[in-house]
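*Asks:* input07.cif is reproduced in full below (mmCIF, C-alpha atoms).
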data_input
#
loop_
_atom_site.label_atom_id
_atom_site.label_comp_id
_atom_site.auth_asym_id
_atom_site.auth_seq_id
_atom_site.Cartn_x
_atom_site.Cartn_y
_atom_site.Cartn_z
CA MET E 15 61.28 -44.76 208.16
CA ASN E 16 59.59 -47.97 209.13
CA ASN E 17 57.52 -50.22 206.94
CA ILE E 18 54.17 -48.86 208.01
CA GLN E 19 55.12 -45.29 207.26
CA PHE E 20 56.54 -46.34 203.95
CA GLU E 21 53.32 -48.12 203.03
CA GLU E 22 51.29 -45.11 204.10
CA LEU E 23 53.41 -42.92 201.89
CA GLU E 24 53.06 -45.30 198.98
CA ARG E 25 49.29 -45.32 199.43
CA ARG E 26 49.16 -41.52 199.39
CA VAL E 27 51.27 -41.33 196.25
CA HIS E 28 48.96 -43.84 194.60
CA VAL E 29 45.87 -41.79 195.48
CA ILE E 30 47.45 -38.60 194.19
CA LYS E 31 48.38 -40.35 190.93
CA LEU E 32 44.81 -41.63 190.55
CA LYS E 33 43.40 -38.14 191.07
CA SER E 34 45.78 -36.75 188.50
CA TYR E 35 44.78 -39.41 185.92
CA LEU E 36 41.12 -38.74 186.60
CA LYS E 37 41.53 -35.01 186.07
CA ARG E 38 43.36 -35.57 182.81
CA SER E 39 40.75 -37.99 181.46
CA VAL E 40 37.87 -35.63 182.38
CA PHE E 41 39.71 -32.80 180.64
CA ILE E 42 40.25 -34.89 177.49
CA LEU E 43 36.64 -36.04 177.51
CA LEU E 44 35.38 -32.46 177.79
CA LEU E 45 37.65 -31.31 175.01
CA CYS E 46 36.43 -34.08 172.69
CA SER E 47 32.80 -33.22 173.51
CA ILE E 48 33.40 -29.53 172.77
CA ILE E 49 35.02 -30.37 169.44
CA PHE E 50 32.22 -32.74 168.52
CA LEU E 51 29.49 -30.25 169.45
CA GLY E 52 31.25 -27.47 167.58
CA TYR E 53 31.50 -29.65 164.50
CA LYS E 54 27.84 -30.58 164.76
CA TYR E 55 26.86 -26.92 165.13
CA ILE E 56 28.85 -25.92 162.05
CA LEU E 57 27.34 -28.80 160.10
CA THR E 58 23.80 -27.86 161.11
CA ASN E 59 24.43 -24.23 160.19
CA ARG E 60 25.87 -25.16 156.84
CA GLU E 61 22.86 -27.36 156.01
CA THR E 62 20.45 -24.65 157.03
CA LYS E 63 22.27 -22.05 154.94
CA THR E 64 22.32 -24.37 151.92
CA GLU E 65 18.59 -24.95 152.26
CA VAL E 66 17.94 -21.25 152.62
CA ILE E 67 20.04 -20.42 149.58
CA GLN E 68 18.37 -23.10 147.50
CA GLU E 69 14.84 -22.31 148.56
CA GLU E 70 14.96 -18.55 148.74
CA HIS E 71 17.22 -17.66 145.83
CA LYS E 72 16.31 -14.14 144.82
CA LYS E 73 16.27 -12.61 141.36
CA VAL E 74 16.94 -8.94 141.39
CA GLU E 75 14.93 -7.17 138.75
CA ALA E 76 15.45 -3.52 138.36
CA PRO E 77 12.49 -1.86 136.74
CA LYS E 78 13.62 1.09 134.71
CA GLN E 79 11.10 3.56 136.02
CA ILE E 80 9.67 4.23 139.41
CA LYS E 81 6.18 3.01 139.78
CA LYS E 82 3.53 3.17 142.40
CA VAL E 83 3.70 0.30 144.79
CA GLU E 84 0.59 -1.77 144.95
CA VAL E 85 0.75 -4.59 147.39
CA LYS E 86 -1.27 -7.63 146.44
CA VAL E 87 -1.52 -10.81 148.37
CA MET E 88 -2.29 -14.06 146.66
CA LYS E 89 -5.05 -15.95 148.41
CA ILE E 90 -4.42 -19.63 148.55
CA GLU E 91 -6.77 -22.30 149.79
CA PRO E 92 -5.74 -23.20 153.31
CA LYS E 93 -4.40 -26.64 154.04
CA LYS E 94 -6.53 -28.70 156.33
CA SER E 95 -4.00 -28.54 159.13
CA ILE E 96 -3.93 -24.77 159.06
CA LYS E 97 -7.45 -23.45 158.73
CA LYS E 98 -10.27 -21.96 160.71
CA ILE E 99 -12.51 -24.73 161.97
CA LEU E 100 -15.89 -24.52 160.28
CA SER E 101 -19.03 -24.40 162.34
CA ILE E 102 -20.97 -27.63 162.55
CA GLU E 103 -24.29 -27.65 160.80
CA LYS E 104 -26.37 -29.47 163.36
CA LYS E 105 -28.31 -27.57 165.98
CA PRO E 106 -26.30 -27.10 169.18
CA LEU E 107 -27.51 -28.61 172.44
CA TYR E 108 -27.53 -25.17 174.07
CA GLU E 109 -27.08 -21.61 172.93
CA THR E 110 -23.60 -20.26 173.49
CA ILE E 111 -20.73 -18.69 171.57
CA LYS E 112 -18.71 -20.83 169.23
CA LEU E 113 -14.93 -20.61 169.39
CA SER E 114 -12.47 -21.81 166.81
CA PRO E 115 -8.75 -21.13 166.68
CA THR E 116 -7.25 -19.23 163.76
CA ILE E 117 -3.67 -20.24 163.12
CA THR E 118 -1.40 -18.34 160.75
CA ILE E 119 2.21 -19.15 160.17
CA PRO E 120 4.47 -16.08 160.36
CA HIS E 121 6.68 -15.09 157.38
CA GLU E 122 4.46 -16.95 154.98
CA GLU E 123 2.48 -14.29 153.18
CA ILE E 124 3.00 -13.81 149.47
CA VAL E 125 3.45 -10.17 148.76
CA ASP E 126 3.30 -9.43 145.09
CA ILE E 127 4.55 -5.93 144.61
CA GLU E 128 3.84 -4.27 141.30
CA VAL E 129 5.38 -0.98 140.38
CA GLU E 130 3.90 1.70 138.18
CA GLU E 131 4.81 5.18 136.97
CA ASP E 132 5.49 7.76 139.66
CA VAL E 133 5.27 11.52 140.01
CA ALA E 134 8.58 11.77 141.83
CA ALA E 135 10.51 11.92 138.58
CA LYS E 136 11.06 15.59 139.37
CA GLU E 137 14.14 14.87 141.43
CA ASP E 138 17.15 13.56 139.53
CA VAL E 139 17.89 11.27 142.39
CA ALA E 140 14.38 9.85 142.59
CA ALA E 141 14.21 9.27 138.84
CA GLU E 142 17.27 7.10 138.99
CA ILE E 143 16.41 5.20 142.10
CA ASP E 144 14.70 1.94 141.37
CA VAL E 145 12.49 0.38 143.93
CA VAL E 146 13.60 -3.14 144.15
CA VAL E 147 11.63 -5.32 146.43
CA GLU E 148 11.66 -8.83 145.09
CA PRO E 149 8.39 -10.66 145.01
CA LYS E 150 8.59 -13.62 147.26
CA ARG E 151 8.77 -16.98 145.63
CA LYS E 152 5.58 -19.01 145.97
CA LYS E 153 5.91 -22.10 148.05
CA ASN E 154 4.19 -25.43 147.57
CA PHE E 155 2.15 -25.63 150.75
CA SER E 156 -1.00 -23.64 151.34
CA PHE E 157 -1.74 -21.38 154.25
CA GLN E 158 -4.04 -18.63 155.26
CA VAL E 159 -3.02 -15.18 154.01
CA ARG E 160 -4.20 -11.80 155.14
CA GLU E 161 -4.52 -8.89 152.74
CA VAL E 162 -2.01 -6.16 153.50
CA LYS E 163 -3.59 -2.95 152.44
CA SER E 164 -2.32 -0.12 154.49
CA GLU E 165 0.33 1.32 156.69
CA GLU E 166 -1.89 0.61 159.70
CA ALA E 167 -2.22 -3.04 158.78
CA LEU E 168 1.54 -3.39 158.34
CA LEU E 169 2.20 -1.64 161.64
CA GLU E 170 -0.24 -3.90 163.43
CA ARG E 171 1.31 -6.93 161.83
CA PHE E 172 4.78 -5.87 162.89
CA LYS E 173 3.51 -5.22 166.40
CA THR E 174 2.36 -8.83 166.73
CA ALA E 175 4.84 -10.71 164.59
CA HIS E 176 8.04 -8.56 164.80
CA ASP E 177 9.04 -9.99 161.45
CA PHE E 178 11.46 -8.83 158.77
CA GLU E 179 8.88 -8.83 155.96
CA SER E 180 6.62 -6.31 157.69
CA ALA E 181 9.55 -4.06 158.55
CA VAL E 182 10.91 -4.04 155.01
CA ALA E 183 7.43 -3.52 153.54
CA LEU E 184 7.00 -0.50 155.82
CA ALA E 185 10.42 0.86 154.86
CA ASN E 186 9.49 0.53 151.21
CA LEU E 187 6.07 2.10 151.75
CA TYR E 188 7.56 5.15 153.48
CA PHE E 189 10.20 5.44 150.78
CA GLU E 190 7.51 5.55 148.13
CA LYS E 191 5.65 8.18 150.13
CA GLN E 192 8.94 10.13 150.24
CA LYS E 193 9.02 9.94 154.03
CA TYR E 194 12.71 9.18 153.95
CA LYS E 195 13.39 9.53 157.67
CA LYS E 196 10.75 6.93 158.51
CA SER E 197 12.02 4.79 155.69
CA ILE E 198 15.51 4.92 157.24
CA GLU E 199 14.11 4.02 160.65
CA TRP E 200 12.24 0.98 159.32
CA SER E 201 15.03 -0.23 157.09
CA LYS E 202 17.30 -0.18 160.17
CA LYS E 203 14.78 -2.30 162.07
CA ALA E 204 14.50 -4.69 159.15
CA SER E 205 18.25 -5.08 158.82
CA LYS E 206 18.52 -5.83 162.55
CA LEU E 207 16.02 -8.66 162.09
CA ASN E 208 17.75 -9.99 159.00
CA PRO E 209 21.20 -8.50 158.47
CA ASP E 210 21.89 -10.73 155.45
CA ASP E 211 19.13 -9.36 153.31
CA GLU E 212 20.16 -6.65 150.84
CA VAL E 213 16.73 -5.07 150.40
CA ALA E 214 16.73 -3.27 153.73
CA TRP E 215 20.24 -1.95 153.12
CA ILE E 216 19.35 -0.74 149.63
CA ILE E 217 16.27 1.11 150.86
CA PHE E 218 18.39 2.64 153.63
CA ALA E 219 21.03 3.83 151.15
CA LYS E 220 18.43 5.23 148.76
CA SER E 221 16.65 7.09 151.55
CA LYS E 222 19.94 8.56 152.76
CA TYR E 223 20.77 9.66 149.24
CA ALA E 224 17.32 11.17 148.80
CA LEU E 225 17.84 13.22 151.97
CA GLY E 226 21.07 14.56 150.52
CA ASP E 227 23.40 12.44 152.65
CA LYS E 228 25.42 10.97 149.78
CA ASN E 229 28.33 10.04 152.02
CA GLY E 230 26.01 8.17 154.37
CA ALA E 231 24.52 6.27 151.45
CA LEU E 232 27.94 5.34 150.09
CA ARG E 233 29.19 4.32 153.56
CA SER E 234 26.25 1.98 154.15
CA LEU E 235 26.59 0.36 150.74
CA LYS E 236 30.34 -0.15 151.20
CA LEU E 237 29.73 -1.61 154.65
CA TYR E 238 27.19 -4.09 153.31
CA LEU E 239 29.37 -5.04 150.34
CA GLY E 240 32.24 -5.63 152.75
CA TYR E 241 30.38 -8.64 154.15
CA TYR E 242 28.03 -9.78 151.39
CA SER E 243 28.03 -9.75 147.65
CA SER E 244 25.11 -8.11 145.89
CA ASP E 245 24.78 -7.03 142.28
CA GLU E 246 22.10 -4.52 143.10
CA ALA E 247 24.12 -2.89 145.87
CA GLN E 248 27.14 -2.76 143.56
CA LYS E 249 25.09 -1.08 140.84
CA LEU E 250 23.77 1.47 143.27
CA LEU E 251 27.23 2.18 144.65
CA ARG E 252 28.61 2.77 141.16
CA LEU E 253 25.69 5.01 140.36
CA TYR E 254 26.15 7.15 143.45
CA LYS E 255 29.90 7.33 143.01
CA GLY E 256 29.37 8.48 139.44
CA LYS E 257 27.06 11.20 140.60
CA LYS E 258 29.45 12.42 143.25
CA MET Q 4 38.21 -27.03 184.95
CA LYS Q 5 35.04 -25.24 186.03
CA LYS Q 6 35.29 -22.89 183.07
CA LEU Q 7 35.57 -25.83 180.71
CA ILE Q 8 32.47 -27.45 182.13
CA LEU Q 9 30.59 -24.16 181.81
CA LEU Q 10 31.73 -23.78 178.22
CA PHE Q 11 30.62 -27.30 177.48
CA VAL Q 12 27.17 -26.65 178.91
CA LEU Q 13 26.77 -23.37 176.97
CA LEU Q 14 27.84 -24.96 173.71
CA HIS Q 15 25.47 -27.85 174.24
CA THR Q 16 22.60 -25.42 174.85
CA ALA Q 17 23.44 -23.39 171.75
CA VAL Q 18 23.68 -26.38 169.43
CA PHE Q 19 20.48 -28.04 170.53
CA ALA Q 20 18.33 -24.92 171.06
CA TYR Q 21 14.80 -25.08 169.57
CA THR Q 22 14.06 -22.03 167.44
CA HIS Q 23 10.94 -20.47 165.90
CA ASP Q 24 11.95 -21.86 162.50
CA ASP Q 25 12.23 -25.36 163.94
CA LEU Q 26 8.83 -24.96 165.52
CA ILE Q 27 7.20 -23.80 162.28
CA ARG Q 28 8.90 -26.61 160.35
CA ASP Q 29 7.57 -29.20 162.80
CA TYR Q 30 4.08 -27.70 162.75
CA ARG Q 31 3.94 -27.80 158.96
CA ALA Q 32 5.08 -31.42 159.08
CA GLU Q 33 2.32 -32.09 161.67
CA ASN Q 34 4.85 -33.14 164.33
CA TYR Q 35 2.59 -31.71 166.99
CA LYS Q 36 4.22 -33.64 169.81
CA SER Q 37 7.59 -32.18 168.95
CA VAL Q 38 6.11 -28.67 168.77
CA CYS Q 39 4.32 -29.00 172.10
CA THR Q 40 7.08 -30.67 174.11
CA LYS Q 41 10.00 -28.60 172.85
CA SER Q 42 8.31 -25.22 172.96
CA ALA Q 43 8.07 -24.98 176.75
CA VAL Q 44 11.03 -22.61 176.65
CA PHE Q 45 8.94 -20.13 174.66
CA TYR Q 46 5.73 -19.97 176.64
CA LYS Q 47 7.39 -20.24 180.03
CA ASN Q 48 9.65 -17.31 179.16
CA LEU Q 49 6.74 -15.05 178.18
CA GLU Q 50 7.03 -15.35 174.40
CA LYS Q 51 5.57 -12.21 172.75
CA ASN Q 52 4.97 -13.50 169.25
CA GLU Q 53 1.29 -14.40 169.41
CA GLU Q 54 1.33 -16.29 166.14
CA ILE Q 55 3.95 -18.61 167.61
CA LEU Q 56 1.93 -18.98 170.80
CA SER Q 57 -1.19 -19.84 168.79
CA ILE Q 58 0.73 -22.47 166.84
CA ILE Q 59 2.03 -24.02 170.07
CA GLY Q 60 -1.45 -23.97 171.59
CA ASP Q 61 -3.03 -25.57 168.55
CA ALA Q 62 -0.37 -28.29 168.44
CA CYS Q 63 -0.79 -29.05 172.16
CA ALA Q 64 -4.60 -29.11 171.87
CA LYS Q 65 -4.40 -31.55 168.96
CA ILE Q 66 -2.37 -34.07 170.97
CA ASP Q 67 -4.36 -33.60 174.20
CA TYR Q 68 -1.58 -31.80 176.12
CA ILE Q 69 -4.02 -29.42 177.72
CA ASN Q 70 -2.03 -28.19 180.73
CA PRO Q 71 0.46 -26.01 178.76
CA LEU Q 72 -2.49 -24.05 177.38
CA GLY Q 73 -2.75 -22.32 180.75
CA TYR Q 74 0.64 -20.69 180.16
CA ILE Q 75 -0.10 -19.87 176.54
CA VAL Q 76 -3.36 -17.97 177.08
CA ARG Q 77 -1.71 -15.16 179.03
CA GLY Q 78 0.17 -13.98 175.95
CA LEU Q 79 -2.80 -13.91 173.56
CA ILE Q 80 -4.12 -10.40 173.97
CA SER Q 81 -3.47 -8.05 171.08
CA THR Q 82 -6.02 -8.72 168.31
CA PRO Q 83 -9.55 -10.19 168.18
CA LYS Q 84 -8.18 -13.28 166.47
CA PHE Q 85 -5.61 -13.90 169.19
CA ARG Q 86 -8.08 -13.13 171.97
CA GLU Q 87 -10.43 -15.73 170.49
CA ASN Q 88 -7.58 -18.21 170.37
CA GLY Q 89 -6.86 -17.42 174.03
CA SER Q 90 -10.49 -17.98 175.00
CA TYR Q 91 -10.53 -21.23 173.04
CA PHE Q 92 -7.48 -22.58 174.86
CA ALA Q 93 -8.75 -21.41 178.25
CA THR Q 94 -12.10 -23.09 177.58
CA LEU Q 95 -10.37 -26.38 176.83
CA VAL Q 96 -8.47 -26.20 180.13
CA LEU Q 97 -11.67 -25.56 182.09
CA GLN Q 98 -13.65 -28.22 180.25
CA LYS Q 99 -10.93 -30.79 180.87
CA LYS Q 100 -10.87 -30.01 184.60
CA LEU Q 101 -14.67 -30.13 184.87
CA ILE Q 102 -14.90 -33.44 183.01
CA TYR Q 103 -12.17 -34.83 185.26
CA GLN Q 104 -14.04 -33.67 188.33
CA PHE Q 105 -17.28 -35.07 186.97
CA MET Q 106 -15.74 -38.50 186.37
CA ASN Q 107 -14.02 -38.59 189.75
CA ASP Q 108 -16.51 -36.90 192.03
CA GLY Q 109 -19.79 -36.96 190.07
CA ILE Q 110 -20.31 -33.20 190.26
CA GLU Q 111 -23.34 -31.63 188.68
CA LEU Q 112 -22.60 -30.13 185.27
CA LYS Q 113 -26.21 -29.29 184.55
CA ASN Q 114 -26.79 -25.74 183.37
CA LEU Q 115 -23.09 -25.03 182.98
CA ARG Q 116 -22.74 -23.27 179.65
CA LEU Q 117 -19.26 -22.87 178.23
CA PRO Q 118 -18.28 -21.83 174.69
CA ARG Q 119 -18.51 -24.62 172.14
CA SER Q 120 -15.81 -25.78 169.77
CA GLU Q 121 -14.94 -28.74 167.60
CA HIS Q 122 -12.46 -30.18 170.07
CA VAL Q 123 -13.40 -33.52 171.60
CA LEU Q 124 -13.40 -32.02 175.11
CA SER Q 125 -16.03 -29.48 174.07
CA VAL Q 126 -18.19 -32.12 172.43
CA VAL Q 127 -18.04 -34.36 175.50
CA PHE Q 128 -18.64 -31.45 177.88
CA GLU Q 129 -21.63 -30.23 175.90
CA HIS Q 130 -23.27 -33.65 176.12
CA LEU Q 131 -22.47 -34.12 179.79
CA ALA Q 132 -23.86 -30.68 180.64
CA THR Q 133 -27.15 -31.44 178.90
CA TYR Q 134 -27.54 -35.04 180.12
CA ASN Q 135 -27.26 -36.17 176.54
CA TYR Q 136 -25.48 -39.46 177.25
CA THR Q 137 -26.07 -43.04 178.36
CA LYS Q 138 -24.37 -44.72 181.27
CA ILE Q 139 -23.40 -48.35 180.75
CA GLY Q 140 -21.78 -49.71 183.88
CA GLU Q 141 -18.97 -47.33 184.74
CA LYS Q 142 -18.71 -46.04 181.19
CA ILE Q 143 -20.48 -43.07 179.65
CA VAL Q 144 -21.56 -43.36 176.03
CA ILE Q 145 -22.14 -40.23 173.96
CA LYS Q 146 -23.58 -40.41 170.46
CA THR Q 147 -23.38 -37.67 167.87
CA ASP Q 148 -24.39 -37.66 164.21
CA SER Q 149 -20.99 -38.74 162.99
CA LYS Q 150 -19.19 -40.29 165.94
CA GLU Q 151 -19.57 -42.11 169.21
CA TYR Q 152 -17.58 -41.38 172.35
CA ILE Q 153 -17.01 -43.64 175.31
CA VAL Q 154 -15.77 -41.91 178.43
CA TRP Q 155 -14.35 -43.85 181.34
CA ILE Q 156 -11.86 -43.47 184.13
CA SER Q 157 -9.09 -45.88 185.00
CA SER Q 158 -9.17 -47.57 188.39
CA LYS Q 159 -5.44 -47.37 189.00
CA GLN Q 160 -3.86 -44.90 191.42
CA LYS Q 161 -3.42 -42.24 188.73
CA ARG Q 162 -7.01 -41.96 187.64
CA VAL Q 163 -6.76 -41.07 183.97
CA VAL Q 164 -9.91 -40.12 182.07
CA HIS Q 165 -10.12 -41.90 178.72
CA VAL Q 166 -12.25 -40.68 175.84
CA GLU Q 167 -12.49 -43.23 173.04
CA GLU Q 168 -13.64 -41.99 169.69
CA TYR Q 169 -15.54 -44.38 167.41
CA GLN Q 170 -16.67 -43.92 163.84
CA HIS Q 171 -18.77 -46.53 162.01
CA GLY Q 172 -18.14 -48.93 164.87
CA LYS Q 173 -14.34 -48.66 164.71
CA LYS Q 174 -12.17 -47.00 167.29
CA ILE Q 175 -10.33 -44.15 165.61
CA LYS Q 176 -8.63 -42.46 168.53
CA THR Q 177 -8.18 -42.54 172.29
CA HIS Q 178 -7.71 -39.34 174.27
CA ARG Q 179 -6.29 -39.41 177.77
CA TYR Q 180 -6.57 -36.65 180.34
CA LEU Q 181 -5.11 -36.40 183.81
#
With the file now loaded, output its structure as structure tokens.
*Replies:*
Amino acid sequence: MNNIQFEELERRVHVIKLKSYLKRSVFILLLCSIIFLGYKYILTNRETKTEVIQEEHKKVEAPKQIKKVEVKVMKIEPKKSIKKILSIEKKPLYETIKLSPTITIPHEEIVDIEVEEDVAAKEDVAAEIDVVVEPKRKKNFSFQVREVKSEEALLERFKTAHDFESAVALANLYFEKQKYKKSIEWSKKASKLNPDDEVAWIIFAKSKYALGDKNGALRSLKLYLGYYSSDEAQKLLRLYKGKK
Amino acid sequence: MKKLILLFVLLHTAVFAYTHDDLIRDYRAENYKSVCTKSAVFYKNLEKNEEILSIIGDACAKIDYINPLGYIVRGLISTPKFRENGSYFATLVLQKKLIYQFMNDGIELKNLRLPRSEHVLSVVFEHLATYNYTKIGEKIVIKTDSKEYIVWISSKQKRVVHVEEYQHGKKIKTHRYL
């Protein structure tokens, strides 16, 4: 092999080595980025969960008797950044319609649910089932709130907002009306939107039990308790097991 | 190697994705620029939640980002409130384009009657359409009971329309439209 061939060979080896080093460094860089991003994601999630737990800590109150559900919404003065723009007082330069945007923030309505005595004490099951839908904790900011009066209003609201609160309110409403199949349907929708929340699961289990499907009720409660801890769900499970 | 790069890209997208909760948080904190700029992913992908669309539209209108409103209006259809919001945003888009055309080409706005609102574009349009202004050099001066507006167009290649808002003789805000 002469000198020129040898040099050519050396050059090729050098190029191959360079390529190999480059590949390795890109691989290491990517790995470090993935680890860093994963860490950041976990950190963000943890912070969000901590905030959610601190801000939305629920107290489960179990009223002893079933009562009629009356949904009230607290009206709060709207903040200036979230309000309907008022019409100006001066005379307009020409006659035309006046438009102003109405902005409402989703998930922000205060629903104060009060329970009163119910007729459904006939059934043993119904007499022992407590409707537990926690009133939402009031927040410090103000916003515009619509009054939720009826099934139609809730359905319309869910149609536009697709939110958990509407779904769970509907599930509860149907449960109170003893329309247990619809209550099951809506509690399923609610739990899909917010699987962490116990209320939807509890309404589901109670509806199942009311329809005579005790095993279904027990299964759903055990499934929920397998992932989350909930005093109310535990109480209900013990109650249904006792009745078995 | 290719799979790693793909994984990296997906992870990056997941970590930095802008959600509805982030949007609402920014809106409450009056970070309208953040709401408007980061929410393109919602309205360009046919977001169905009309409350979210209204929030995005309101935030964009407040910071004079009028062009995204054209995307937002198509989703506002289900209730009278949302339809009014849609008409409001569509009106702002049209008024902005007409004012821009007026300043560039001197078109006649007389007898054009569009819906009114409290937005600066509507106020300016209303006065231009009724000849209720004074022209001083190349600038147009509009006086209302509470404020004064000076409308002018820049002479650079990108001819931006400026609307300066004055109250008690002091400039309080400048709006720019392209």
*Asks:* For a quick test of understanding: name the residues of chain E lying within 6 Å of chain Q when counting all atoms listed in the file, and present them as an mmCIF file with C-alpha atoms, in the frame of the given file.
*Replies:*
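Dumped everything to selection-v2.cif:
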data_model
loop_
_atom_site.group_PDB
_atom_site.id
_atom_site.type_symbol
_atom_site.label_atom_id
_atom_site.label_comp_id
_atom_site.auth_asym_id
_atom_site.auth_seq_id
_atom_site.Cartn_x
_atom_site.Cartn_y
_atom_site.Cartn_z
ATOM 1 C CA ILE E 48 33.400 -29.530 172.770
ATOM 2 C CA TYR E 55 26.860 -26.920 165.130
ATOM 3 C CA THR E 110 -23.600 -20.260 173.490
ATOM 4 C CA ILE E 111 -20.730 -18.690 171.570
ATOM 5 C CA LYS E 112 -18.710 -20.830 169.230
ATOM 6 C CA LEU E 113 -14.930 -20.610 169.390
ATOM 7 C CA SER E 114 -12.470 -21.810 166.810
ATOM 8 C CA PRO E 115 -8.750 -21.130 166.680
ATOM 9 C CA THR E 174 2.360 -8.830 166.730
ATOM 10 C CA ALA E 175 4.840 -10.710 164.590
#
*Asks:* As AutoDock Vina command-line options, what would the box around segment 235-245 of chain E look like: edges along x, y and z, 4 Å added on every side, centre and edge lengths in Å to one decimal?
*Replies:*
--center_x 28.5 --center_y -4.7 --center_z 148.5 --size_x 15.5 --size_y 18.1 --size_z 20.4
*Asks:* Give as a ChimeraX atom specification the set of residues within 8 Å of the point (13.1, -8.5, 157.5), where distances use the file's coordinates and all atoms listed in the file.
*Replies:* /E:177-182,203-208,211,214
*Asks:* Restricting the calculation to all atoms listed in the file: of E:Thr58, E:Ile18, E:Leu44, E:Leu36, which residue gets closest to Lys6 of chain Q?
*Replies:*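 Selected residue with least distance to Lys6 of chain Q: E:Leu44.
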*Asks:* If we count only C-alpha atoms and set the cut-off at 8 Å, which residues sit around Tyr136 of chain Q, ignoring sequence neighbours fewer than 3 positions away in its own chain? Please answer as a list in words.
*Replies:*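 Contacts, in chain order: His130, Leu131, Ile143, Val144, Ile145 and Lys146 of chain Q.
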*Asks:* Which residues fall under the PyMOL selection byres ((chain Q and resi 43) around 12) in this file, as a PyMOL selection string?
*Replies:* chain Q and resi 20-22+26+36-42+44-50+55-56+59-60+63+68+70-75
*Asks:* Print the selection's residues with C-alpha atoms to a file, as a PDB file, keeping the file's coordinate frame.
*Replies:*
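Listed below is the output, out-v7.pdb:
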ATOM      1  CA  ALA Q  20      18.330 -24.920 171.060  1.00  0.00           C
ATOM      2  CA  TYR Q  21      14.800 -25.080 169.570  1.00  0.00           C
ATOM      3  CA  THR Q  22      14.060 -22.030 167.440  1.00  0.00           C
ATOM      4  CA  LEU Q  26       8.830 -24.960 165.520  1.00  0.00           C
ATOM      5  CA  LYS Q  36       4.220 -33.640 169.810  1.00  0.00           C
ATOM      6  CA  SER Q  37       7.590 -32.180 168.950  1.00  0.00           C
ATOM      7  CA  VAL Q  38       6.110 -28.670 168.770  1.00  0.00           C
ATOM      8  CA  CYS Q  39       4.320 -29.000 172.100  1.00  0.00           C
ATOM      9  CA  THR Q  40       7.080 -30.670 174.110  1.00  0.00           C
ATOM     10  CA  LYS Q  41      10.000 -28.600 172.850  1.00  0.00           C
ATOM     11  CA  SER Q  42       8.310 -25.220 172.960  1.00  0.00           C
ATOM     12  CA  VAL Q  44      11.030 -22.610 176.650  1.00  0.00           C
ATOM     13  CA  PHE Q  45       8.940 -20.130 174.660  1.00  0.00           C
ATOM     14  CA  TYR Q  46       5.730 -19.970 176.640  1.00  0.00           C
ATOM     15  CA  LYS Q  47       7.390 -20.240 180.030  1.00  0.00           C
ATOM     16  CA  ASN Q  48       9.650 -17.310 179.160  1.00  0.00           C
ATOM     17  CA  LEU Q  49       6.740 -15.050 178.180  1.00  0.00           C
ATOM     18  CA  GLU Q  50       7.030 -15.350 174.400  1.00  0.00           C
ATOM     19  CA  ILE Q  55       3.950 -18.610 167.610  1.00  0.00           C
ATOM     20  CA  LEU Q  56       1.930 -18.980 170.800  1.00  0.00           C
ATOM     21  CA  ILE Q  59       2.030 -24.020 170.070  1.00  0.00           C
ATOM     22  CA  GLY Q  60      -1.450 -23.970 171.590  1.00  0.00           C
ATOM     23  CA  CYS Q  63      -0.790 -29.050 172.160  1.00  0.00           C
ATOM     24  CA  TYR Q  68      -1.580 -31.800 176.120  1.00  0.00           C
ATOM     25  CA  ASN Q  70      -2.030 -28.190 180.730  1.00  0.00           C
ATOM     26  CA  PRO Q  71       0.460 -26.010 178.760  1.00  0.00           C
ATOM     27  CA  LEU Q  72      -2.490 -24.050 177.380  1.00  0.00           C
ATOM     28  CA  GLY Q  73      -2.750 -22.320 180.750  1.00  0.00           C
ATOM     29  CA  TYR Q  74       0.640 -20.690 180.160  1.00  0.00           C
ATOM     30  CA  ILE Q  75      -0.100 -19.870 176.540  1.00  0.00           C
TER      31      ILE Q  75
END
*Asks:* Find the residue from E:Val29, E:Leu237, E:Val40, E:Ile119 that sits nearest to Asp29 of chain Q; use all atoms listed in the file when measuring.
*Replies:*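 For Asp29 of chain Q, the nearest of the candidates is E:Ile119.
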*Asks:* Which residues come within 8 Å of Lys150 of chain Q, counting all atoms listed in the file, excluding same-chain residues fewer than 5 positions away, as a VMD selection string?
*Replies:* chain Q and resid 168 to 171
*Asks:* Find the distance between atom CA of Ile69 of chain Q and atom CA of Gln104 of chain Q and write it in Å to one decimal.
*Replies:*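 Between atom CA of Ile69 of chain Q and atom CA of Gln104 of chain Q the gap works out to 15.2 Å.
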*Asks:* Atom CA of Ser201 of chain E and atom CA of Trp215 of chain E are how many Å apart?
*Replies:*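 Going from atom CA of Ser201 of chain E over to atom CA of Trp215 of chain E covers 6.8 Å.
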*Asks:* Please report the interatomic distance between atom CA of Pro120 of chain E and atom CA of Arg171 of chain E in Å with one decimal.
*Replies:* 9.8 Å
*Asks:* Which residues come within 6 Å of segment 219-224 of chain E, counting all atoms listed in the file, excluding same-chain residues fewer than 4 positions away, as a PyMOL selection string?
*Replies:* chain E and resi 194+228+231
*Asks:* For the PyMOL selection byres ((chain E and resi 216) around 12), applied here, can you spell out every residue it catches as a PyMOL selection string?
*Replies:* chain E and resi 74+143-147+182+185-186+189+197-198+201-202+204-205+209-215+217-223+231-239+244-251
*Asks:* Using all atoms listed in the file, pick whichever of E:Leu184, E:Asn16, E:His28, E:Gly230 has the shortest atom-to-atom distance to Tyr254 of chain E.
*Replies:* E:Gly230
